[in-house]
file coords31.txt (compact mmCIF, N, CA and C atoms)
# COMPACT_ATOMS: atom_id res chain seq x y z
N MET K 134 -10.45 7.92 55.33
CA MET K 134 -11.55 8.83 55.53
C MET K 134 -12.84 8.06 55.54
N SER K 135 -13.80 8.46 56.40
CA SER K 135 -15.09 7.81 56.46
C SER K 135 -16.16 8.87 56.43
N THR K 136 -17.31 8.49 55.94
CA THR K 136 -18.44 9.40 55.93
C THR K 136 -19.63 8.69 56.51
N VAL K 137 -20.64 9.45 56.88
CA VAL K 137 -21.86 8.85 57.41
C VAL K 137 -22.69 8.37 56.24
N ASP K 138 -23.14 7.13 56.32
CA ASP K 138 -23.98 6.56 55.28
C ASP K 138 -25.41 6.61 55.79
N HIS K 139 -26.19 7.54 55.27
CA HIS K 139 -27.54 7.73 55.76
C HIS K 139 -28.45 6.57 55.38
N GLY K 140 -28.07 5.76 54.38
CA GLY K 140 -28.89 4.63 53.95
C GLY K 140 -28.80 3.46 54.91
N THR K 141 -27.80 3.43 55.80
CA THR K 141 -27.64 2.32 56.74
C THR K 141 -27.84 2.76 58.17
N GLY K 142 -28.54 3.86 58.37
CA GLY K 142 -28.82 4.29 59.73
C GLY K 142 -27.66 4.97 60.41
N GLY K 143 -26.77 5.60 59.68
CA GLY K 143 -25.68 6.35 60.26
C GLY K 143 -24.41 5.55 60.47
N ALA K 144 -24.33 4.32 59.96
CA ALA K 144 -23.11 3.52 60.10
C ALA K 144 -22.02 4.11 59.22
N TYR K 145 -20.77 3.89 59.65
CA TYR K 145 -19.65 4.41 58.88
C TYR K 145 -19.26 3.41 57.80
N SER K 146 -18.95 3.93 56.61
CA SER K 146 -18.45 3.07 55.53
C SER K 146 -17.29 3.80 54.86
N PRO K 147 -16.26 3.06 54.49
CA PRO K 147 -15.10 3.71 53.88
C PRO K 147 -15.42 4.20 52.47
N GLU K 148 -14.83 5.32 52.13
CA GLU K 148 -14.98 5.83 50.77
C GLU K 148 -14.04 5.05 49.85
N PRO K 149 -14.43 4.84 48.61
CA PRO K 149 -13.50 4.20 47.69
C PRO K 149 -12.28 5.09 47.48
N GLU K 150 -11.11 4.48 47.54
CA GLU K 150 -9.88 5.26 47.42
C GLU K 150 -9.49 5.43 45.96
N ASP K 151 -8.94 6.56 45.66
CA ASP K 151 -8.38 6.79 44.33
C ASP K 151 -6.93 6.31 44.37
N PRO K 152 -6.54 5.39 43.48
CA PRO K 152 -5.17 4.86 43.51
C PRO K 152 -4.12 5.96 43.40
N ARG K 153 -4.46 7.08 42.81
CA ARG K 153 -3.49 8.17 42.65
C ARG K 153 -3.20 8.86 43.98
N ASP K 154 -4.07 8.65 44.98
CA ASP K 154 -3.86 9.26 46.29
C ASP K 154 -3.06 8.36 47.22
N ARG K 155 -2.73 7.17 46.80
CA ARG K 155 -2.01 6.22 47.65
C ARG K 155 -0.51 6.32 47.39
N GLY K 156 0.27 5.88 48.36
CA GLY K 156 1.72 5.93 48.24
C GLY K 156 2.24 4.84 47.30
N LEU K 157 3.43 5.08 46.76
CA LEU K 157 4.03 4.14 45.82
C LEU K 157 4.27 2.77 46.46
N GLY K 158 4.74 2.75 47.67
CA GLY K 158 5.00 1.48 48.37
C GLY K 158 3.73 0.66 48.53
N GLU K 159 2.65 1.35 48.87
CA GLU K 159 1.37 0.65 49.05
C GLU K 159 0.85 0.12 47.71
N LEU K 160 1.03 0.90 46.66
CA LEU K 160 0.60 0.46 45.33
C LEU K 160 1.41 -0.76 44.87
N VAL K 161 2.71 -0.75 45.10
CA VAL K 161 3.56 -1.88 44.72
C VAL K 161 3.18 -3.12 45.51
N LYS K 162 2.90 -2.94 46.81
CA LYS K 162 2.48 -4.07 47.65
C LYS K 162 1.18 -4.67 47.13
N ASP K 163 0.21 -3.81 46.81
CA ASP K 163 -1.07 -4.30 46.26
C ASP K 163 -0.88 -4.99 44.93
N LEU K 164 -0.02 -4.44 44.09
CA LEU K 164 0.24 -5.04 42.78
C LEU K 164 0.86 -6.43 42.94
N ALA K 165 1.80 -6.56 43.85
CA ALA K 165 2.43 -7.87 44.09
C ALA K 165 1.41 -8.87 44.59
N SER K 166 0.57 -8.44 45.51
CA SER K 166 -0.46 -9.33 46.06
C SER K 166 -1.45 -9.75 44.98
N GLN K 167 -1.92 -8.81 44.19
CA GLN K 167 -2.88 -9.12 43.13
C GLN K 167 -2.25 -9.99 42.05
N THR K 168 -0.99 -9.74 41.73
CA THR K 168 -0.30 -10.54 40.73
C THR K 168 -0.13 -11.97 41.21
N SER K 169 0.23 -12.13 42.46
CA SER K 169 0.38 -13.46 43.04
C SER K 169 -0.93 -14.24 42.98
N THR K 170 -2.01 -13.59 43.38
CA THR K 170 -3.33 -14.24 43.34
C THR K 170 -3.71 -14.59 41.91
N LEU K 171 -3.48 -13.69 41.00
CA LEU K 171 -3.82 -13.90 39.59
C LEU K 171 -3.04 -15.07 39.01
N VAL K 172 -1.75 -15.12 39.26
CA VAL K 172 -0.92 -16.21 38.74
C VAL K 172 -1.37 -17.54 39.32
N SER K 173 -1.69 -17.55 40.60
CA SER K 173 -2.16 -18.78 41.25
C SER K 173 -3.46 -19.26 40.61
N GLN K 174 -4.38 -18.36 40.37
CA GLN K 174 -5.65 -18.73 39.74
C GLN K 174 -5.45 -19.23 38.32
N GLU K 175 -4.56 -18.61 37.58
CA GLU K 175 -4.31 -19.03 36.20
C GLU K 175 -3.67 -20.42 36.17
N ILE K 176 -2.78 -20.69 37.12
CA ILE K 176 -2.15 -22.03 37.19
C ILE K 176 -3.20 -23.09 37.49
N LYS K 177 -4.11 -22.81 38.41
CA LYS K 177 -5.17 -23.76 38.73
C LYS K 177 -6.06 -24.01 37.52
N LEU K 178 -6.39 -22.97 36.78
CA LEU K 178 -7.20 -23.12 35.58
C LEU K 178 -6.48 -23.95 34.53
N ALA K 179 -5.20 -23.69 34.33
CA ALA K 179 -4.42 -24.46 33.36
C ALA K 179 -4.35 -25.94 33.75
N GLN K 180 -4.17 -26.21 35.04
CA GLN K 180 -4.11 -27.60 35.51
C GLN K 180 -5.43 -28.31 35.23
N ALA K 181 -6.54 -27.64 35.47
CA ALA K 181 -7.85 -28.26 35.23
C ALA K 181 -8.05 -28.55 33.74
N GLU K 182 -7.65 -27.62 32.89
CA GLU K 182 -7.81 -27.82 31.45
C GLU K 182 -6.90 -28.93 30.93
N VAL K 183 -5.67 -28.97 31.39
CA VAL K 183 -4.74 -30.00 30.94
C VAL K 183 -5.21 -31.38 31.41
N THR K 184 -5.74 -31.46 32.62
CA THR K 184 -6.27 -32.73 33.12
C THR K 184 -7.42 -33.21 32.26
N GLN K 185 -8.30 -32.28 31.89
CA GLN K 185 -9.44 -32.64 31.05
C GLN K 185 -8.97 -33.13 29.68
N LYS K 186 -8.03 -32.45 29.08
CA LYS K 186 -7.51 -32.86 27.77
C LYS K 186 -6.74 -34.16 27.88
N GLY K 187 -6.05 -34.37 28.99
CA GLY K 187 -5.30 -35.61 29.20
C GLY K 187 -6.23 -36.82 29.27
N LYS K 188 -7.37 -36.64 29.90
CA LYS K 188 -8.34 -37.74 29.97
C LYS K 188 -8.84 -38.09 28.57
N LEU K 189 -9.09 -37.08 27.75
CA LEU K 189 -9.55 -37.32 26.38
C LEU K 189 -8.46 -38.03 25.57
N ALA K 190 -7.22 -37.62 25.75
CA ALA K 190 -6.11 -38.28 25.04
C ALA K 190 -5.95 -39.72 25.50
N GLY K 191 -6.13 -39.97 26.80
CA GLY K 191 -6.03 -41.32 27.33
C GLY K 191 -7.10 -42.23 26.75
N LYS K 192 -8.31 -41.71 26.61
CA LYS K 192 -9.38 -42.50 26.01
C LYS K 192 -9.05 -42.83 24.56
N GLY K 193 -8.55 -41.86 23.82
CA GLY K 193 -8.18 -42.09 22.42
C GLY K 193 -7.08 -43.14 22.29
N ALA K 194 -6.07 -43.05 23.14
CA ALA K 194 -4.97 -44.01 23.11
C ALA K 194 -5.46 -45.40 23.51
N GLY K 195 -6.35 -45.48 24.50
CA GLY K 195 -6.91 -46.77 24.91
C GLY K 195 -7.72 -47.42 23.80
N MET K 196 -8.48 -46.60 23.10
CA MET K 196 -9.26 -47.14 21.97
C MET K 196 -8.34 -47.64 20.85
N LEU K 197 -7.26 -46.91 20.61
CA LEU K 197 -6.30 -47.36 19.60
C LEU K 197 -5.66 -48.69 20.00
N ALA K 198 -5.30 -48.83 21.25
CA ALA K 198 -4.68 -50.07 21.72
C ALA K 198 -5.68 -51.23 21.63
N GLY K 199 -6.91 -50.99 22.03
CA GLY K 199 -7.94 -52.02 21.93
C GLY K 199 -8.19 -52.45 20.49
N ALA K 200 -8.21 -51.48 19.60
CA ALA K 200 -8.40 -51.80 18.18
C ALA K 200 -7.23 -52.63 17.65
N ALA K 201 -6.03 -52.31 18.09
CA ALA K 201 -4.86 -53.05 17.63
C ALA K 201 -4.89 -54.50 18.11
N VAL K 202 -5.26 -54.71 19.36
CA VAL K 202 -5.31 -56.07 19.90
C VAL K 202 -6.38 -56.88 19.19
N ALA K 203 -7.57 -56.31 19.02
CA ALA K 203 -8.65 -57.02 18.35
C ALA K 203 -8.28 -57.35 16.90
N ALA K 204 -7.66 -56.41 16.25
CA ALA K 204 -7.26 -56.64 14.87
C ALA K 204 -6.20 -57.74 14.78
N LEU K 205 -5.29 -57.76 15.71
CA LEU K 205 -4.24 -58.77 15.70
C LEU K 205 -4.80 -60.17 15.93
N LEU K 206 -5.77 -60.28 16.84
CA LEU K 206 -6.37 -61.58 17.12
C LEU K 206 -7.09 -62.17 15.90
N GLY K 207 -7.81 -61.33 15.20
CA GLY K 207 -8.55 -61.81 14.04
C GLY K 207 -7.74 -61.84 12.76
N LEU K 208 -6.65 -61.16 12.76
CA LEU K 208 -5.85 -61.02 11.53
C LEU K 208 -5.32 -62.35 11.01
N GLY K 209 -4.78 -63.17 11.89
CA GLY K 209 -4.18 -64.44 11.44
C GLY K 209 -5.19 -65.35 10.77
N ALA K 210 -6.32 -65.58 11.43
CA ALA K 210 -7.33 -66.48 10.88
C ALA K 210 -7.96 -65.91 9.61
N PHE K 211 -8.28 -64.65 9.63
CA PHE K 211 -8.92 -64.05 8.45
C PHE K 211 -7.96 -63.97 7.26
N THR K 212 -6.70 -63.71 7.55
CA THR K 212 -5.70 -63.68 6.49
C THR K 212 -5.59 -65.04 5.81
N ALA K 213 -5.53 -66.09 6.60
CA ALA K 213 -5.47 -67.44 6.03
C ALA K 213 -6.71 -67.73 5.21
N LEU K 214 -7.87 -67.35 5.70
CA LEU K 214 -9.12 -67.57 4.98
C LEU K 214 -9.11 -66.85 3.62
N LEU K 215 -8.69 -65.61 3.62
CA LEU K 215 -8.66 -64.85 2.36
C LEU K 215 -7.67 -65.45 1.36
N ILE K 216 -6.52 -65.83 1.85
CA ILE K 216 -5.51 -66.40 0.94
C ILE K 216 -6.02 -67.71 0.34
N VAL K 217 -6.64 -68.56 1.16
CA VAL K 217 -7.18 -69.84 0.66
C VAL K 217 -8.29 -69.57 -0.36
N ALA K 218 -9.16 -68.59 -0.07
CA ALA K 218 -10.25 -68.29 -0.99
C ALA K 218 -9.72 -67.77 -2.32
N LEU K 219 -8.74 -66.89 -2.28
CA LEU K 219 -8.17 -66.34 -3.52
C LEU K 219 -7.29 -67.36 -4.25
N ASP K 220 -6.75 -68.32 -3.52
CA ASP K 220 -5.87 -69.33 -4.12
C ASP K 220 -6.62 -70.21 -5.12
N SER K 221 -7.92 -70.32 -4.95
CA SER K 221 -8.69 -71.13 -5.89
C SER K 221 -8.84 -70.42 -7.24
N VAL K 222 -8.62 -69.11 -7.29
CA VAL K 222 -8.77 -68.36 -8.53
C VAL K 222 -7.42 -67.83 -9.03
N LEU K 223 -6.50 -67.52 -8.15
CA LEU K 223 -5.22 -66.90 -8.49
C LEU K 223 -4.07 -67.77 -7.98
N PRO K 224 -2.86 -67.51 -8.49
CA PRO K 224 -1.70 -68.21 -7.91
C PRO K 224 -1.54 -67.82 -6.43
N LEU K 225 -0.96 -68.71 -5.66
CA LEU K 225 -0.83 -68.51 -4.21
C LEU K 225 -0.10 -67.22 -3.87
N TRP K 226 1.00 -66.93 -4.55
CA TRP K 226 1.77 -65.73 -4.25
C TRP K 226 0.96 -64.46 -4.49
N LEU K 227 0.14 -64.45 -5.55
CA LEU K 227 -0.67 -63.27 -5.86
C LEU K 227 -1.79 -63.10 -4.82
N ALA K 228 -2.38 -64.22 -4.39
CA ALA K 228 -3.41 -64.16 -3.35
C ALA K 228 -2.82 -63.57 -2.06
N ALA K 229 -1.64 -64.01 -1.67
CA ALA K 229 -0.99 -63.51 -0.46
C ALA K 229 -0.66 -62.02 -0.60
N LEU K 230 -0.22 -61.58 -1.78
CA LEU K 230 0.09 -60.16 -2.01
C LEU K 230 -1.16 -59.30 -1.90
N ILE K 231 -2.25 -59.74 -2.47
CA ILE K 231 -3.49 -58.97 -2.41
C ILE K 231 -3.96 -58.82 -0.96
N VAL K 232 -3.92 -59.90 -0.19
CA VAL K 232 -4.35 -59.85 1.20
C VAL K 232 -3.42 -58.93 2.01
N THR K 233 -2.13 -58.97 1.73
CA THR K 233 -1.18 -58.10 2.43
C THR K 233 -1.49 -56.63 2.16
N LEU K 234 -1.76 -56.27 0.91
CA LEU K 234 -2.10 -54.89 0.56
C LEU K 234 -3.41 -54.46 1.22
N LEU K 235 -4.36 -55.37 1.33
CA LEU K 235 -5.61 -55.06 1.99
C LEU K 235 -5.38 -54.70 3.46
N TRP K 236 -4.54 -55.50 4.15
CA TRP K 236 -4.27 -55.23 5.55
C TRP K 236 -3.47 -53.94 5.76
N LEU K 237 -2.60 -53.62 4.82
CA LEU K 237 -1.87 -52.35 4.92
C LEU K 237 -2.82 -51.15 4.79
N ALA K 238 -3.84 -51.28 3.93
CA ALA K 238 -4.83 -50.20 3.79
C ALA K 238 -5.64 -50.04 5.08
N VAL K 239 -6.02 -51.15 5.70
CA VAL K 239 -6.76 -51.10 6.96
C VAL K 239 -5.90 -50.44 8.05
N ALA K 240 -4.63 -50.83 8.10
CA ALA K 240 -3.72 -50.26 9.10
C ALA K 240 -3.58 -48.75 8.91
N ALA K 241 -3.49 -48.31 7.67
CA ALA K 241 -3.36 -46.87 7.38
C ALA K 241 -4.61 -46.12 7.84
N ALA K 242 -5.79 -46.68 7.60
CA ALA K 242 -7.04 -46.02 8.01
C ALA K 242 -7.13 -45.92 9.54
N LEU K 243 -6.77 -47.00 10.23
CA LEU K 243 -6.80 -46.97 11.70
C LEU K 243 -5.77 -45.97 12.26
N GLY K 244 -4.61 -45.94 11.65
CA GLY K 244 -3.57 -45.01 12.10
C GLY K 244 -3.99 -43.56 11.93
N MET K 245 -4.62 -43.24 10.83
CA MET K 245 -5.07 -41.86 10.60
C MET K 245 -6.18 -41.48 11.57
N ALA K 246 -7.10 -42.41 11.85
CA ALA K 246 -8.17 -42.13 12.81
C ALA K 246 -7.59 -41.90 14.21
N GLY K 247 -6.61 -42.70 14.59
CA GLY K 247 -5.97 -42.53 15.90
C GLY K 247 -5.22 -41.21 16.01
N LYS K 248 -4.54 -40.84 14.94
CA LYS K 248 -3.80 -39.58 14.92
C LYS K 248 -4.77 -38.41 15.07
N LYS K 249 -5.90 -38.49 14.40
CA LYS K 249 -6.90 -37.42 14.47
C LYS K 249 -7.44 -37.31 15.90
N ALA K 250 -7.69 -38.45 16.56
CA ALA K 250 -8.19 -38.43 17.94
C ALA K 250 -7.17 -37.81 18.89
N LEU K 251 -5.90 -38.11 18.70
CA LEU K 251 -4.86 -37.54 19.57
C LEU K 251 -4.67 -36.05 19.30
N GLN K 252 -4.79 -35.63 18.06
CA GLN K 252 -4.64 -34.21 17.74
C GLN K 252 -5.80 -33.39 18.31
N ALA K 253 -6.97 -34.01 18.45
CA ALA K 253 -8.11 -33.30 19.02
C ALA K 253 -7.86 -32.92 20.47
N SER K 254 -6.96 -33.61 21.14
CA SER K 254 -6.68 -33.32 22.54
C SER K 254 -5.43 -32.47 22.73
N THR K 255 -4.81 -32.01 21.65
CA THR K 255 -3.53 -31.32 21.73
C THR K 255 -3.58 -29.91 22.29
N PRO K 256 -4.46 -29.01 21.85
CA PRO K 256 -4.34 -27.63 22.33
C PRO K 256 -4.62 -27.52 23.82
N PRO K 257 -3.56 -27.32 24.63
CA PRO K 257 -3.78 -27.26 26.07
C PRO K 257 -4.28 -25.89 26.52
N ALA K 258 -5.28 -25.90 27.33
CA ALA K 258 -5.74 -24.73 28.09
C ALA K 258 -6.10 -23.51 27.26
N PRO K 259 -7.02 -23.62 26.29
CA PRO K 259 -7.40 -22.43 25.52
C PRO K 259 -8.10 -21.38 26.39
N GLN K 260 -8.83 -21.81 27.39
CA GLN K 260 -9.50 -20.87 28.26
C GLN K 260 -8.48 -20.09 29.09
N THR K 261 -7.43 -20.76 29.53
CA THR K 261 -6.39 -20.08 30.30
C THR K 261 -5.70 -19.03 29.44
N VAL K 262 -5.40 -19.36 28.21
CA VAL K 262 -4.76 -18.40 27.30
C VAL K 262 -5.64 -17.17 27.15
N GLU K 263 -6.95 -17.37 27.00
CA GLU K 263 -7.87 -16.25 26.84
C GLU K 263 -7.92 -15.39 28.10
N THR K 264 -7.99 -16.02 29.28
CA THR K 264 -8.08 -15.23 30.50
C THR K 264 -6.77 -14.50 30.81
N VAL K 265 -5.64 -15.09 30.42
CA VAL K 265 -4.36 -14.39 30.61
C VAL K 265 -4.34 -13.13 29.74
N LYS K 266 -4.83 -13.23 28.52
CA LYS K 266 -4.90 -12.04 27.65
C LYS K 266 -5.78 -10.97 28.29
N GLU K 267 -6.92 -11.39 28.85
CA GLU K 267 -7.80 -10.43 29.51
C GLU K 267 -7.11 -9.80 30.72
N ASP K 268 -6.37 -10.62 31.47
CA ASP K 268 -5.66 -10.11 32.64
C ASP K 268 -4.61 -9.08 32.25
N ILE K 269 -3.93 -9.32 31.16
CA ILE K 269 -2.91 -8.38 30.68
C ILE K 269 -3.56 -7.06 30.31
N GLU K 270 -4.70 -7.14 29.60
CA GLU K 270 -5.40 -5.91 29.23
C GLU K 270 -5.87 -5.16 30.48
N TRP K 271 -6.38 -5.90 31.48
CA TRP K 271 -6.83 -5.28 32.71
C TRP K 271 -5.66 -4.58 33.41
N ALA K 272 -4.52 -5.26 33.46
CA ALA K 272 -3.35 -4.69 34.13
C ALA K 272 -2.88 -3.42 33.41
N LYS K 273 -2.97 -3.40 32.10
CA LYS K 273 -2.56 -2.21 31.34
C LYS K 273 -3.45 -1.02 31.69
N THR K 274 -4.75 -1.27 31.84
CA THR K 274 -5.65 -0.15 32.15
C THR K 274 -5.46 0.31 33.59
N ARG K 275 -5.07 -0.58 34.50
CA ARG K 275 -4.90 -0.21 35.91
C ARG K 275 -3.60 0.55 36.14
N THR K 276 -2.60 0.34 35.30
CA THR K 276 -1.31 0.99 35.54
C THR K 276 -1.15 2.26 34.75
N GLY K 277 -2.11 2.59 33.90
CA GLY K 277 -2.02 3.84 33.13
C GLY K 277 -2.08 5.04 34.07
N SER K 278 -1.30 6.06 33.76
CA SER K 278 -1.29 7.23 34.63
C SER K 278 -2.29 8.24 34.10
N GLY K 279 -2.99 8.86 34.98
CA GLY K 279 -3.98 9.86 34.61
C GLY K 279 -3.71 11.14 35.37
N PRO K 280 -4.41 12.20 35.02
CA PRO K 280 -4.21 13.46 35.72
C PRO K 280 -4.76 13.37 37.15
N ARG K 281 -4.11 14.03 38.09
CA ARG K 281 -4.54 14.02 39.50
C ARG K 281 -5.62 15.00 39.72

call {"tool": "encode", "arguments": {"input": "coords31.txt", "output": "structure tokens"}}
result
Amino acid sequence: MSTVDHGTGGAYSPEPEDPRDRGLGELVKDLASQTSTLVSQEIKLAQAEVTQKGKLAGKGAGMLAGAAVAALLGLGAFTALLIVALDSVLPLWLAALIVTLLWLAVAAALGMAGKKALQASTPPAPQTVETVKEDIEWAKTRTGSGPR
């Protein structure tokens, strides 16, 4: 059905249709089309969010690897220096034990910092989860039956 739109100089414009006046087949077709579009958009959003989080995780892992290499390079020389310095005051075995415990504490601190950085990148696609919830609520309101 069309009516004359006096605001546009007499041009015809379609009236908004009431979904209750449409046939079941047409409604199912529209629902399938809208659902397909919605799912496609949600997948694209999820991909973008996961890519962003993946980049953050990659940076964290790269920093952890760099820290490990740098620590390994300096560890040998510094360990020998500490043991020699402590050997002048303590027995050699005790100096070596103290230096070993020191390095284990450093390793634990670096490991915890790396774990925290990786966990910060874990929750994938929070925006997608939120929009899917909104889409479900929208779909519930669109499919509710009302009086004709």

call {"tool": "closest_residue", "arguments": {"input": "coords31.txt", "among": "K:Pro259, K:Gly156, K:Gly199, K:Gly209", "to": "K:Lys186", "atoms": "only C-alpha atoms"}}
result
K:Pro259

call {"tool": "atom_distance", "arguments": {"input": "coords31.txt", "atom1": "atom CA of K:Leu205", "atom2": "atom N of K:Met245"}}
result
16.3 Å

call {"tool": "residues_around", "arguments": {"input": "coords31.txt", "residues": "K:Leu235", "least_positions_apart": "5", "cutoff": "12 Å", "atoms": "only C-alpha atoms", "output": "compact mmCIF listing (two decimals) with N, CA and C atoms, in the coordinates of the input"}}
result
# COMPACT_ATOMS: atom_id res chain seq x y z
N LEU K 208 -6.65 -61.16 12.76
CA LEU K 208 -5.85 -61.02 11.53
C LEU K 208 -5.32 -62.35 11.01
N PHE K 211 -8.28 -64.65 9.63
CA PHE K 211 -8.92 -64.05 8.45
C PHE K 211 -7.96 -63.97 7.26
N THR K 212 -6.70 -63.71 7.55
CA THR K 212 -5.70 -63.68 6.49
C THR K 212 -5.59 -65.04 5.81
N LEU K 215 -8.69 -65.61 3.62
CA LEU K 215 -8.66 -64.85 2.36
C LEU K 215 -7.67 -65.45 1.36
N ILE K 216 -6.52 -65.83 1.85
CA ILE K 216 -5.51 -66.40 0.94
C ILE K 216 -6.02 -67.71 0.34
N ALA K 228 -2.38 -64.22 -4.39
CA ALA K 228 -3.41 -64.16 -3.35
C ALA K 228 -2.82 -63.57 -2.06
N ALA K 229 -1.64 -64.01 -1.67
CA ALA K 229 -0.99 -63.51 -0.46
C ALA K 229 -0.66 -62.02 -0.60
N LEU K 230 -0.22 -61.58 -1.78
CA LEU K 230 0.09 -60.16 -2.01
C LEU K 230 -1.16 -59.30 -1.90
N ALA K 240 -4.63 -50.83 8.10
CA ALA K 240 -3.72 -50.26 9.10
C ALA K 240 -3.58 -48.75 8.91
N ALA K 241 -3.49 -48.31 7.67
CA ALA K 241 -3.36 -46.87 7.38
C ALA K 241 -4.61 -46.12 7.84
N ALA K 242 -5.79 -46.68 7.60
CA ALA K 242 -7.04 -46.02 8.01
C ALA K 242 -7.13 -45.92 9.54

call {"tool": "atom_distance", "arguments": {"input": "coords31.txt", "atom1": "atom CA of K:Lys248", "atom2": "atom CA of K:Thr184"}}
result
19.6 Å

call {"tool": "closest_residue", "arguments": {"input": "coords31.txt", "among": "K:Ala253, K:Val239, K:Ala272, K:Leu157", "to": "K:Ala204", "atoms": "only C-alpha atoms"}}
result
K:Val239

call {"tool": "select_by_dssp", "arguments": {"input": "coords31.txt", "residues": "chain K", "states": "strand (DSSP E)", "output": "CSV table (one decimal) with N, CA and C atoms, in the frame of the given file"}}
result
chain,number,residue,atom,x,y,z
K,135,SER,N,-13.8,8.5,56.4
K,135,SER,CA,-15.1,7.8,56.5
K,135,SER,C,-16.2,8.9,56.4
K,136,THR,N,-17.3,8.5,55.9
K,136,THR,CA,-18.4,9.4,55.9
K,136,THR,C,-19.6,8.7,56.5
K,137,VAL,N,-20.6,9.4,56.9
K,137,VAL,CA,-21.9,8.8,57.4
K,137,VAL,C,-22.7,8.4,56.2
K,138,ASP,N,-23.1,7.1,56.3
K,138,ASP,CA,-24.0,6.6,55.3
K,138,ASP,C,-25.4,6.6,55.8
K,144,ALA,N,-24.3,4.3,60.0
K,144,ALA,CA,-23.1,3.5,60.1
K,144,ALA,C,-22.0,4.1,59.2
K,145,TYR,N,-20.8,3.9,59.6
K,145,TYR,CA,-19.6,4.4,58.9
K,145,TYR,C,-19.3,3.4,57.8
K,146,SER,N,-19.0,3.9,56.6
K,146,SER,CA,-18.4,3.1,55.5
K,146,SER,C,-17.3,3.8,54.9
K,147,PRO,N,-16.3,3.1,54.5
K,147,PRO,CA,-15.1,3.7,53.9
K,147,PRO,C,-15.4,4.2,52.5

call {"tool": "atom_distance", "arguments": {"input": "coords31.txt", "atom1": "atom CA of K:Arg275", "atom2": "atom CA of K:Gln260"}}
result
22.5 Å
